[in-house]
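The data block below is upload-v9.cif; it holds mmCIF, C-alpha atoms and all ligand atoms.
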data_structure
loop_
_atom_site.label_atom_id
_atom_site.label_comp_id
_atom_site.auth_asym_id
_atom_site.auth_seq_id
_atom_site.Cartn_x
_atom_site.Cartn_y
_atom_site.Cartn_z
CA MET F 1 128.16 75.33 71.44
CA ILE F 2 131.22 74.19 73.32
CA ILE F 3 133.01 75.50 76.41
CA ILE F 4 136.77 75.25 76.60
CA LYS F 5 138.92 75.78 79.66
CA LEU F 6 142.54 76.66 79.10
CA GLY F 7 144.27 75.42 82.23
CA GLY F 8 146.74 77.65 84.01
CA SER F 9 149.12 74.73 83.79
CA VAL F 10 149.31 74.98 80.03
CA ILE F 11 149.08 78.74 79.45
CA THR F 12 151.69 79.56 82.14
CA ASN F 13 154.71 77.95 83.73
CA LYS F 14 153.35 77.14 87.18
CA GLU F 15 156.88 76.78 88.56
CA LYS F 16 157.80 80.41 87.96
CA PRO F 17 155.72 83.44 89.08
CA HIS F 18 154.19 85.52 86.29
CA SER F 19 155.50 83.45 83.43
CA PRO F 20 153.03 83.12 80.58
CA ARG F 21 153.64 80.51 77.89
CA LYS F 22 152.87 82.78 74.98
CA ASN F 23 153.88 80.24 72.36
CA SER F 24 151.58 77.60 73.80
CA ILE F 25 148.71 80.10 73.95
CA ASP F 26 149.30 81.13 70.32
CA LYS F 27 149.45 77.52 69.17
CA ILE F 28 146.15 76.69 70.87
CA VAL F 29 144.47 79.81 69.53
CA ARG F 30 145.59 79.02 65.97
CA VAL F 31 144.02 75.59 66.30
CA LEU F 32 140.79 77.01 67.78
CA LYS F 33 140.45 79.07 64.60
CA LYS F 34 139.50 75.84 62.87
CA LEU F 35 136.39 75.35 65.01
CA ASP F 36 133.27 75.96 63.02
CA GLU F 37 130.85 76.38 65.90
CA PRO F 38 130.38 78.94 68.68
CA PHE F 39 132.60 78.55 71.72
CA VAL F 40 133.31 80.16 75.06
CA ILE F 41 136.73 80.28 76.73
CA VAL F 42 137.47 80.05 80.45
CA HIS F 43 141.07 80.27 81.59
CA GLY F 44 142.83 79.46 84.83
CA GLY F 45 145.34 81.38 86.93
CA GLY F 46 148.52 79.32 86.75
CA SER F 47 151.58 81.20 87.94
CA PHE F 48 149.60 84.45 87.99
CA GLY F 49 146.50 84.03 90.20
CA HIS F 50 147.62 80.89 92.02
CA TYR F 51 150.98 82.34 92.91
CA TRP F 52 149.41 85.31 94.70
CA SER F 53 146.49 83.47 96.26
CA VAL F 54 148.96 81.09 97.90
CA LYS F 55 151.04 84.08 99.10
CA TYR F 56 148.02 85.81 100.60
CA ASN F 57 146.45 82.59 101.85
CA MET F 58 143.23 83.04 99.91
CA HIS F 59 140.94 80.13 99.16
CA THR F 60 137.68 79.16 97.51
CA LYS F 61 135.81 79.50 100.81
CA PRO F 62 134.40 83.03 101.29
CA ALA F 63 136.20 84.73 104.20
CA ASN F 64 137.62 88.04 105.30
CA TYR F 65 140.89 87.81 103.33
CA ASN F 66 143.57 90.48 103.16
CA SER F 67 142.25 93.29 100.94
CA HIS F 68 145.61 93.92 99.36
CA GLY F 69 145.74 90.22 98.52
CA VAL F 70 142.37 90.48 96.75
CA SER F 71 143.69 93.41 94.70
CA VAL F 72 146.92 91.70 93.79
CA VAL F 73 145.31 88.39 92.79
CA LYS F 74 142.74 90.24 90.69
CA ASN F 75 145.38 92.41 89.04
CA SER F 76 147.50 89.41 88.14
CA MET F 77 144.49 87.75 86.51
CA ILE F 78 143.76 90.87 84.46
CA GLU F 79 147.37 90.75 83.27
CA LEU F 80 147.10 87.09 82.22
CA ASN F 81 143.68 87.67 80.67
CA LYS F 82 145.14 90.49 78.56
CA ILE F 83 147.82 88.15 77.24
CA VAL F 84 145.14 85.62 76.26
CA LEU F 85 142.95 88.30 74.66
CA ASP F 86 145.92 89.67 72.71
CA SER F 87 146.68 86.25 71.30
CA PHE F 88 143.11 85.87 70.01
CA LEU F 89 143.16 89.38 68.52
CA LYS F 90 146.52 88.82 66.87
CA ASN F 91 145.06 85.75 65.22
CA LYS F 92 142.18 87.82 63.81
CA LEU F 93 139.56 86.37 66.12
CA ASN F 94 137.07 88.42 68.16
CA PRO F 95 137.74 87.87 71.87
CA TYR F 96 135.43 89.59 74.31
CA CYS F 97 136.74 90.07 77.83
CA LEU F 98 134.15 88.77 80.28
CA PRO F 99 135.27 88.96 83.92
CA PRO F 100 133.20 86.63 86.10
CA THR F 101 131.76 89.64 87.97
CA ASP F 102 129.70 90.02 84.78
CA PHE F 103 127.67 86.89 85.46
CA VAL F 104 128.24 85.92 89.11
CA PHE F 105 126.64 87.47 92.18
CA GLY F 106 128.04 86.32 95.51
CA ASN F 107 129.01 82.81 94.47
CA LYS F 108 125.98 82.09 92.31
CA PRO F 109 125.62 82.46 88.55
CA ILE F 110 123.11 85.04 87.30
CA THR F 111 121.10 82.90 84.88
CA LYS F 112 119.93 85.75 82.67
CA LYS F 113 123.49 86.99 82.22
CA VAL F 114 124.90 83.53 81.59
CA LYS F 115 122.32 82.88 78.87
CA GLU F 116 123.49 86.02 77.13
CA ILE F 117 127.01 84.56 76.89
CA GLU F 118 125.73 82.01 74.41
CA LYS F 119 124.15 84.78 72.34
CA MET F 120 127.51 86.57 72.25
CA ALA F 121 129.27 83.42 71.12
CA GLU F 122 126.69 82.88 68.38
CA SER F 123 127.25 86.43 67.17
CA ASN F 124 130.87 85.71 66.32
CA LEU F 125 132.36 87.11 69.51
CA ILE F 126 134.41 84.78 71.69
CA PRO F 127 133.56 85.41 75.35
CA ILE F 128 136.70 84.91 77.43
CA THR F 129 136.34 84.59 81.18
CA PHE F 130 138.73 83.44 83.90
CA GLY F 131 139.20 82.25 87.46
CA ASP F 132 139.34 85.32 89.69
CA ALA F 133 139.28 86.87 93.17
CA LEU F 134 135.65 87.80 93.73
CA TRP F 135 133.73 89.92 96.15
CA PHE F 136 131.27 87.71 98.04
CA GLY F 137 129.43 90.27 100.18
CA LYS F 138 129.35 90.72 103.96
CA ASN F 139 132.99 91.85 103.88
CA LYS F 140 134.08 88.53 102.41
CA SER F 141 135.83 87.56 99.23
CA TYR F 142 136.88 84.25 97.67
CA ILE F 143 138.72 82.61 94.81
CA LEU F 144 136.42 81.43 92.06
CA SER F 145 138.26 78.79 90.06
CA GLY F 146 138.05 78.37 86.31
CA ASP F 147 137.05 74.74 86.87
CA ARG F 148 134.06 75.84 88.94
CA ILE F 149 133.12 78.41 86.27
CA MET F 150 133.02 75.50 83.81
CA SER F 151 130.33 73.67 85.75
CA MET F 152 128.41 76.91 86.42
CA LEU F 153 128.27 77.73 82.71
CA ALA F 154 127.62 74.15 81.60
CA ASN F 155 124.67 73.82 83.97
CA ILE F 156 122.89 76.71 82.35
CA LEU F 157 124.16 76.63 78.76
CA LYS F 158 124.12 72.84 78.22
CA PRO F 159 126.97 72.80 75.69
CA LYS F 160 127.47 69.75 73.54
CA LEU F 161 131.00 69.36 74.93
CA CYS F 162 133.16 70.80 77.73
CA VAL F 163 136.89 70.63 77.11
CA PHE F 164 139.53 71.01 79.84
CA VAL F 165 142.86 71.77 78.20
CA LEU F 166 145.76 70.67 80.44
CA ASN F 167 149.51 70.22 80.42
CA VAL F 168 149.15 66.43 80.62
CA ASP F 169 147.47 63.90 78.28
CA GLY F 170 144.42 63.61 80.51
CA LEU F 171 143.65 61.84 83.75
CA TYR F 172 146.19 59.15 84.62
CA SER F 173 145.28 56.19 86.80
CA ASP F 174 148.63 56.90 88.46
CA PRO F 175 150.73 60.00 87.68
CA LYS F 176 153.91 57.93 88.08
CA THR F 177 153.14 55.34 85.42
CA LYS F 178 151.22 57.92 83.31
CA LYS F 179 148.72 55.28 82.34
CA LEU F 180 145.98 57.29 80.65
CA ILE F 181 142.34 56.66 81.51
CA SER F 182 140.63 57.10 78.15
CA GLU F 183 137.17 56.97 79.69
CA LEU F 184 136.48 57.33 83.39
CA LYS F 185 133.94 54.75 84.47
CA GLY F 186 134.04 54.72 88.23
CA GLU F 187 137.66 53.75 88.84
CA LYS F 188 139.51 55.81 91.46
CA PRO F 189 142.69 57.30 90.02
CA LEU F 190 145.60 58.28 92.24
CA ILE F 191 145.71 62.08 92.29
CA LEU F 192 148.72 64.01 93.53
CA LYS F 193 148.20 67.22 95.51
CA SER F 194 149.97 70.43 94.56
CA SER F 195 151.14 73.12 96.98
CA LYS F 196 151.03 75.77 94.26
CA ASP F 197 147.30 75.45 93.85
CA VAL F 198 144.51 76.88 96.01
CA THR F 199 141.61 75.55 93.97
CA GLY F 200 142.07 71.84 94.50
CA GLY F 201 144.11 70.95 91.40
CA MET F 202 143.27 67.77 89.55
CA LYS F 203 141.04 66.41 92.32
CA ARG F 204 138.63 69.31 92.12
CA LYS F 205 138.81 69.32 88.33
CA VAL F 206 137.66 65.69 88.23
CA GLU F 207 134.82 66.52 90.64
CA GLU F 208 133.61 69.38 88.45
CA ALA F 209 133.91 67.20 85.33
CA MET F 210 131.83 64.46 86.97
CA LYS F 211 129.17 66.98 88.00
CA ILE F 212 128.91 68.13 84.39
CA SER F 213 128.82 64.62 82.90
CA LYS F 214 126.13 63.56 85.39
CA LYS F 215 123.95 66.28 83.89
CA GLY F 216 124.26 64.57 80.51
CA MET F 217 127.09 66.46 78.85
CA ASN F 218 130.36 65.02 77.59
CA VAL F 219 133.52 66.33 79.21
CA PHE F 220 136.96 65.84 77.77
CA PHE F 221 140.45 66.34 79.27
CA VAL F 222 143.09 66.95 76.63
CA ASN F 223 146.74 67.95 76.37
CA GLY F 224 147.08 71.58 75.23
CA ASN F 225 150.60 70.93 74.06
CA LYS F 226 148.98 68.78 71.37
CA PRO F 227 146.20 71.23 70.44
CA GLU F 228 145.08 69.27 67.33
CA ARG F 229 143.56 66.83 69.80
CA ILE F 230 141.00 69.51 70.72
CA ILE F 231 139.77 69.66 67.14
CA ASP F 232 139.77 65.87 66.79
CA ALA F 233 137.57 65.60 69.87
CA VAL F 234 135.16 68.35 68.82
CA LYS F 235 134.80 66.86 65.35
CA ARG F 236 134.37 63.43 66.98
CA LYS F 237 137.15 62.01 64.87
CA LYS F 238 139.00 60.59 67.85
CA PHE F 239 139.42 61.25 71.54
CA HIS F 240 143.02 61.23 72.70
CA GLY F 241 142.62 62.19 76.34
CA THR F 242 140.10 61.34 79.04
CA LEU F 243 136.40 61.27 78.30
CA PHE F 244 133.71 61.63 80.96
CA LYS F 245 130.68 60.47 79.04
CA GLY F 246 127.45 62.37 79.67
CA LYS F 247 124.82 60.23 81.41
N1 LIG D 301 146.13 61.29 88.30
C1 LIG D 301 146.57 62.39 87.67
N2 LIG D 301 146.50 62.49 86.32
C2 LIG D 301 146.92 63.58 85.67
N3 LIG D 301 147.45 64.68 86.28
C3 LIG D 301 147.54 64.66 87.63
C4 LIG D 301 147.11 63.52 88.39
N4 LIG D 301 147.35 63.79 89.70
C5 LIG D 301 147.89 65.00 89.76
N5 LIG D 301 148.00 65.56 88.53
C6 LIG D 301 148.53 66.90 88.26
O1 LIG D 301 147.45 67.75 87.99
C7 LIG D 301 147.91 68.77 87.13
C8 LIG D 301 146.74 69.43 86.46
O2 LIG D 301 145.99 70.12 87.45
P1 LIG D 301 146.17 71.69 87.57
O3 LIG D 301 147.61 72.02 87.78
O4 LIG D 301 145.18 72.20 88.55
O5 LIG D 301 145.78 72.10 86.09
P2 LIG D 301 145.14 73.46 85.58
O6 LIG D 301 146.19 74.49 85.84
O7 LIG D 301 144.92 73.16 84.16
O8 LIG D 301 143.89 73.70 86.36
C9 LIG D 301 148.84 68.05 86.18
O9 LIG D 301 149.82 68.92 85.68
C10 LIG D 301 149.45 66.97 87.05
O10 LIG D 301 150.72 67.37 87.53
MG MG D 302 143.86 73.92 88.49
#

Could you quickly redo this structure as structure tokens?
Amino acid sequence: MIIIKLGGSVITNKEKPHSPRKNSIDKIVRVLKKLDEPFVIVHGGGSFGHYWSVKYNMHTKPANYNSHGVSVVKNSMIELNKIVLDSFLKNKLNPYCLPPTDFVFGNKPITKKVKEIEKMAESNLIPITFGDALWFGKNKSYILSGDRIMSMLANILKPKLCVFVLNVDGLYSDPKTKKLISELKGEKPLILKSSKDVTGGMKRKVEEAMKISKKGMNVFFVNGNKPERIIDAVKRKKFHGTLFKGK
């Protein structure tokens, strides 16, 4: 089984509120059709969730955030999720909407529920979950990022590969020179911060990827604007992107 995260940066235009990139989504989905093994999809918030969580000053730390903000962030994610689901359906695949409230309690995964996700994927459904505004308990809520969901699911499901689909070729040693790191082996890349992101952007993504690879699974960052690269990586033909080798 593999777990694939479609980054908000590739499925939306992060510069413009509520702007899905429907063509990019369709192109990726058409390529995913060629996978001949079970997979699970996680998607990010891009100019939907991130836009509103910045507006309402909501973060990944559980706190007493503005209730209307929680509603609006959540609603925007449902809207983006529907666009993703529709693309899968249109391409004659079997997406199954799986909001993270289905397998997370507080900020912890519910192991029994997570294990069932694999069963769904094996039954020819494609579970599709997403970063979201979640209820934490004790009057608190928080933003659960798609990147964090990746490490939660990987920990329990032990997929053979985790793929992070981005709007760049992978991790660059320096975003200015765009020198691609094809395998991260301890070097410290220069990572730029983004003001449009409440979940830590590339820095946090690399941290989650390293957590997963330390548990023995391969993680791969790939450009979603070149979706064939996803298939090449899964079929082990070639990796054009950044590999975090499982140790
Ligand atoms: N060293 C780096 N290598 C690649 N991308 C970087 C780097 N530093 C910052 N970035 C930025 O990180 C972005 C990807 O992170 P993010 O926007 O959070 O993606 P996603 O929406 O897929 O979670 C890229 O679009 C790029 O602008
Ligand atoms: Mg991000």

Give me the residues near Ile28 of chain F as a ChimeraX atom specification, where near means some atom within 10 Å (using only C-alpha atoms) and where sequence neighbours in that chain fewer than 5 positions away do not count. /F:6,10-11,22-23,33,87-88,165,224-228,230

Expected answer as an MDAnalysis selection string: residues within 9 Å of ligand MG 302 (chain D), all atoms listed in the file: chainID F and resid 7:9 44:46 50 145:147 166 197:205

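Take the candidates F:Ser19, F:Asn13, F:Asn107, F:Thr101 and check each one against ligand LIG 301 (chain D) using only C-alpha atoms and all ligand atoms; the shortest distance goes to F:Asn13.
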
To one decimal in Å, tell me the separation between atom O5 of ligand LIG 301 (chain D) and atom CA of Leu184 of chain F. 17.7 Å

If you count only C-alpha atoms, which residues fall within 8 Å of Ile212 of chain F, apart from same-chain ones fewer than 3 positions away, as number ranges by chain? F: 151, 154-155, 208-209, 215-219, 246

Got a sec: who's within 12 Å of Leu171 of chain F, counting all atoms listed in the file, leaving out chain neighbours fewer than 3 positions off, as a ChimeraX atom specification? /F:164-168,174-184,187-192,201-203,205-206,209,219-223,240-244

If we draw a sphere of 8 Å around (134.9, 92.1, 71.0), which residues have at least one atom in it when counting all atoms listed in the file? Please report them as a PyMOL selection string. chain F and resi 94-97+125-126

Env of Leu93 of chain F: 12 Å cut, atoms = only C-alpha atoms, seq-sep filter 4 positions within chain, self excluded. Answer as a PyMOL selection string. chain F and resi 26+29-35+39+84-89+121+124-128

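Compared by their closest atoms to Val104 of chain F, and using only C-alpha atoms, the residues F:Ser123, F:Ser194, F:Ser76, F:Thr129 rank with F:Thr129 nearest.
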
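Atom pair atom CA of Tyr65 of chain F / atom CA of Ile41 of chain F has a distance of 28.0 Å (rounded to one decimal).
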
6 Å per side around ligand LIG 301 (chain D): axis-aligned box centre and edge lengths, as lines of an AutoDock Vina configuration file:
center_x = 147.3
center_y = 67.9
center_z = 87.0
size_x = 18.8
size_y = 25.2
size_z = 17.6

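What separates atom N4 of ligand LIG 301 (chain D) from atom CA of Tyr172 of chain F is a distance of 7.0 Å.
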
Taking (143.9, 84.0, 94.3) in the file's coordinates as the center, which residues reach within 7 Å of it, counting all atoms listed in the file, put as a ChimeraX atom specification? /F:49-50,52-54,58-59,73,132-133,143

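Taking all atoms listed in the file into account, ligand LIG 301 (chain D) lies nearest to F:His43 out of the set F:His43, F:Arg229, F:His18, F:Lys158.
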
Can you tell me which residues surround Asn139 of chain F at a distance of at most 10 Å, considering all atoms listed in the file, apart from same-chain residues fewer than 6 positions away, and format the answer as a VMD selection string? chain F and resid 62 to 65 67

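Closest approach to ligand LIG 301 (chain D) among F:Ile83, F:Val163, F:Ile117, F:Ile231 is made by F:Val163 (distances from only C-alpha atoms and all ligand atoms).
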
Missing atoms in segment 91-102 of chain F: fill them in up to N, CA and C atoms and send the result as a CSV table (one decimal), keeping the file's coordinate frame.
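Result saved to rebuild04.csv:
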chain,number,residue,atom,x,y,z
F,91,ASN,N,145.4,86.8,66.2
F,91,ASN,CA,145.1,85.8,65.2
F,91,ASN,C,143.7,86.1,64.5
F,92,LYS,N,143.4,87.3,64.5
F,92,LYS,CA,142.2,87.8,63.8
F,92,LYS,C,140.9,87.2,64.3
F,93,LEU,N,140.8,86.8,65.6
F,93,LEU,CA,139.6,86.4,66.1
F,93,LEU,C,139.0,87.5,66.9
F,94,ASN,N,137.8,87.3,67.5
F,94,ASN,CA,137.1,88.4,68.2
F,94,ASN,C,136.8,88.1,69.6
F,95,PRO,N,137.9,88.2,70.4
F,95,PRO,CA,137.7,87.9,71.9
F,95,PRO,C,136.9,89.0,72.5
F,96,TYR,N,136.2,88.6,73.5
F,96,TYR,CA,135.4,89.6,74.3
F,96,TYR,C,135.7,89.3,75.8
F,97,CYS,N,136.4,90.2,76.4
F,97,CYS,CA,136.7,90.1,77.8
F,97,CYS,C,135.5,90.0,78.7
F,98,LEU,N,135.3,89.0,79.4
F,98,LEU,CA,134.2,88.8,80.3
F,98,LEU,C,134.6,88.4,81.7
F,99,PRO,N,134.9,89.3,82.5
F,99,PRO,CA,135.3,89.0,83.9
F,99,PRO,C,134.1,88.3,84.6
F,100,PRO,N,134.3,87.4,85.5
F,100,PRO,CA,133.2,86.6,86.1
F,100,PRO,C,132.2,87.5,86.9
F,101,THR,N,132.7,88.7,87.3
F,101,THR,CA,131.8,89.6,88.0
F,101,THR,C,130.6,90.0,87.1
F,102,ASP,N,130.8,89.7,85.7
F,102,ASP,CA,129.7,90.0,84.8
F,102,ASP,C,128.5,89.0,84.9
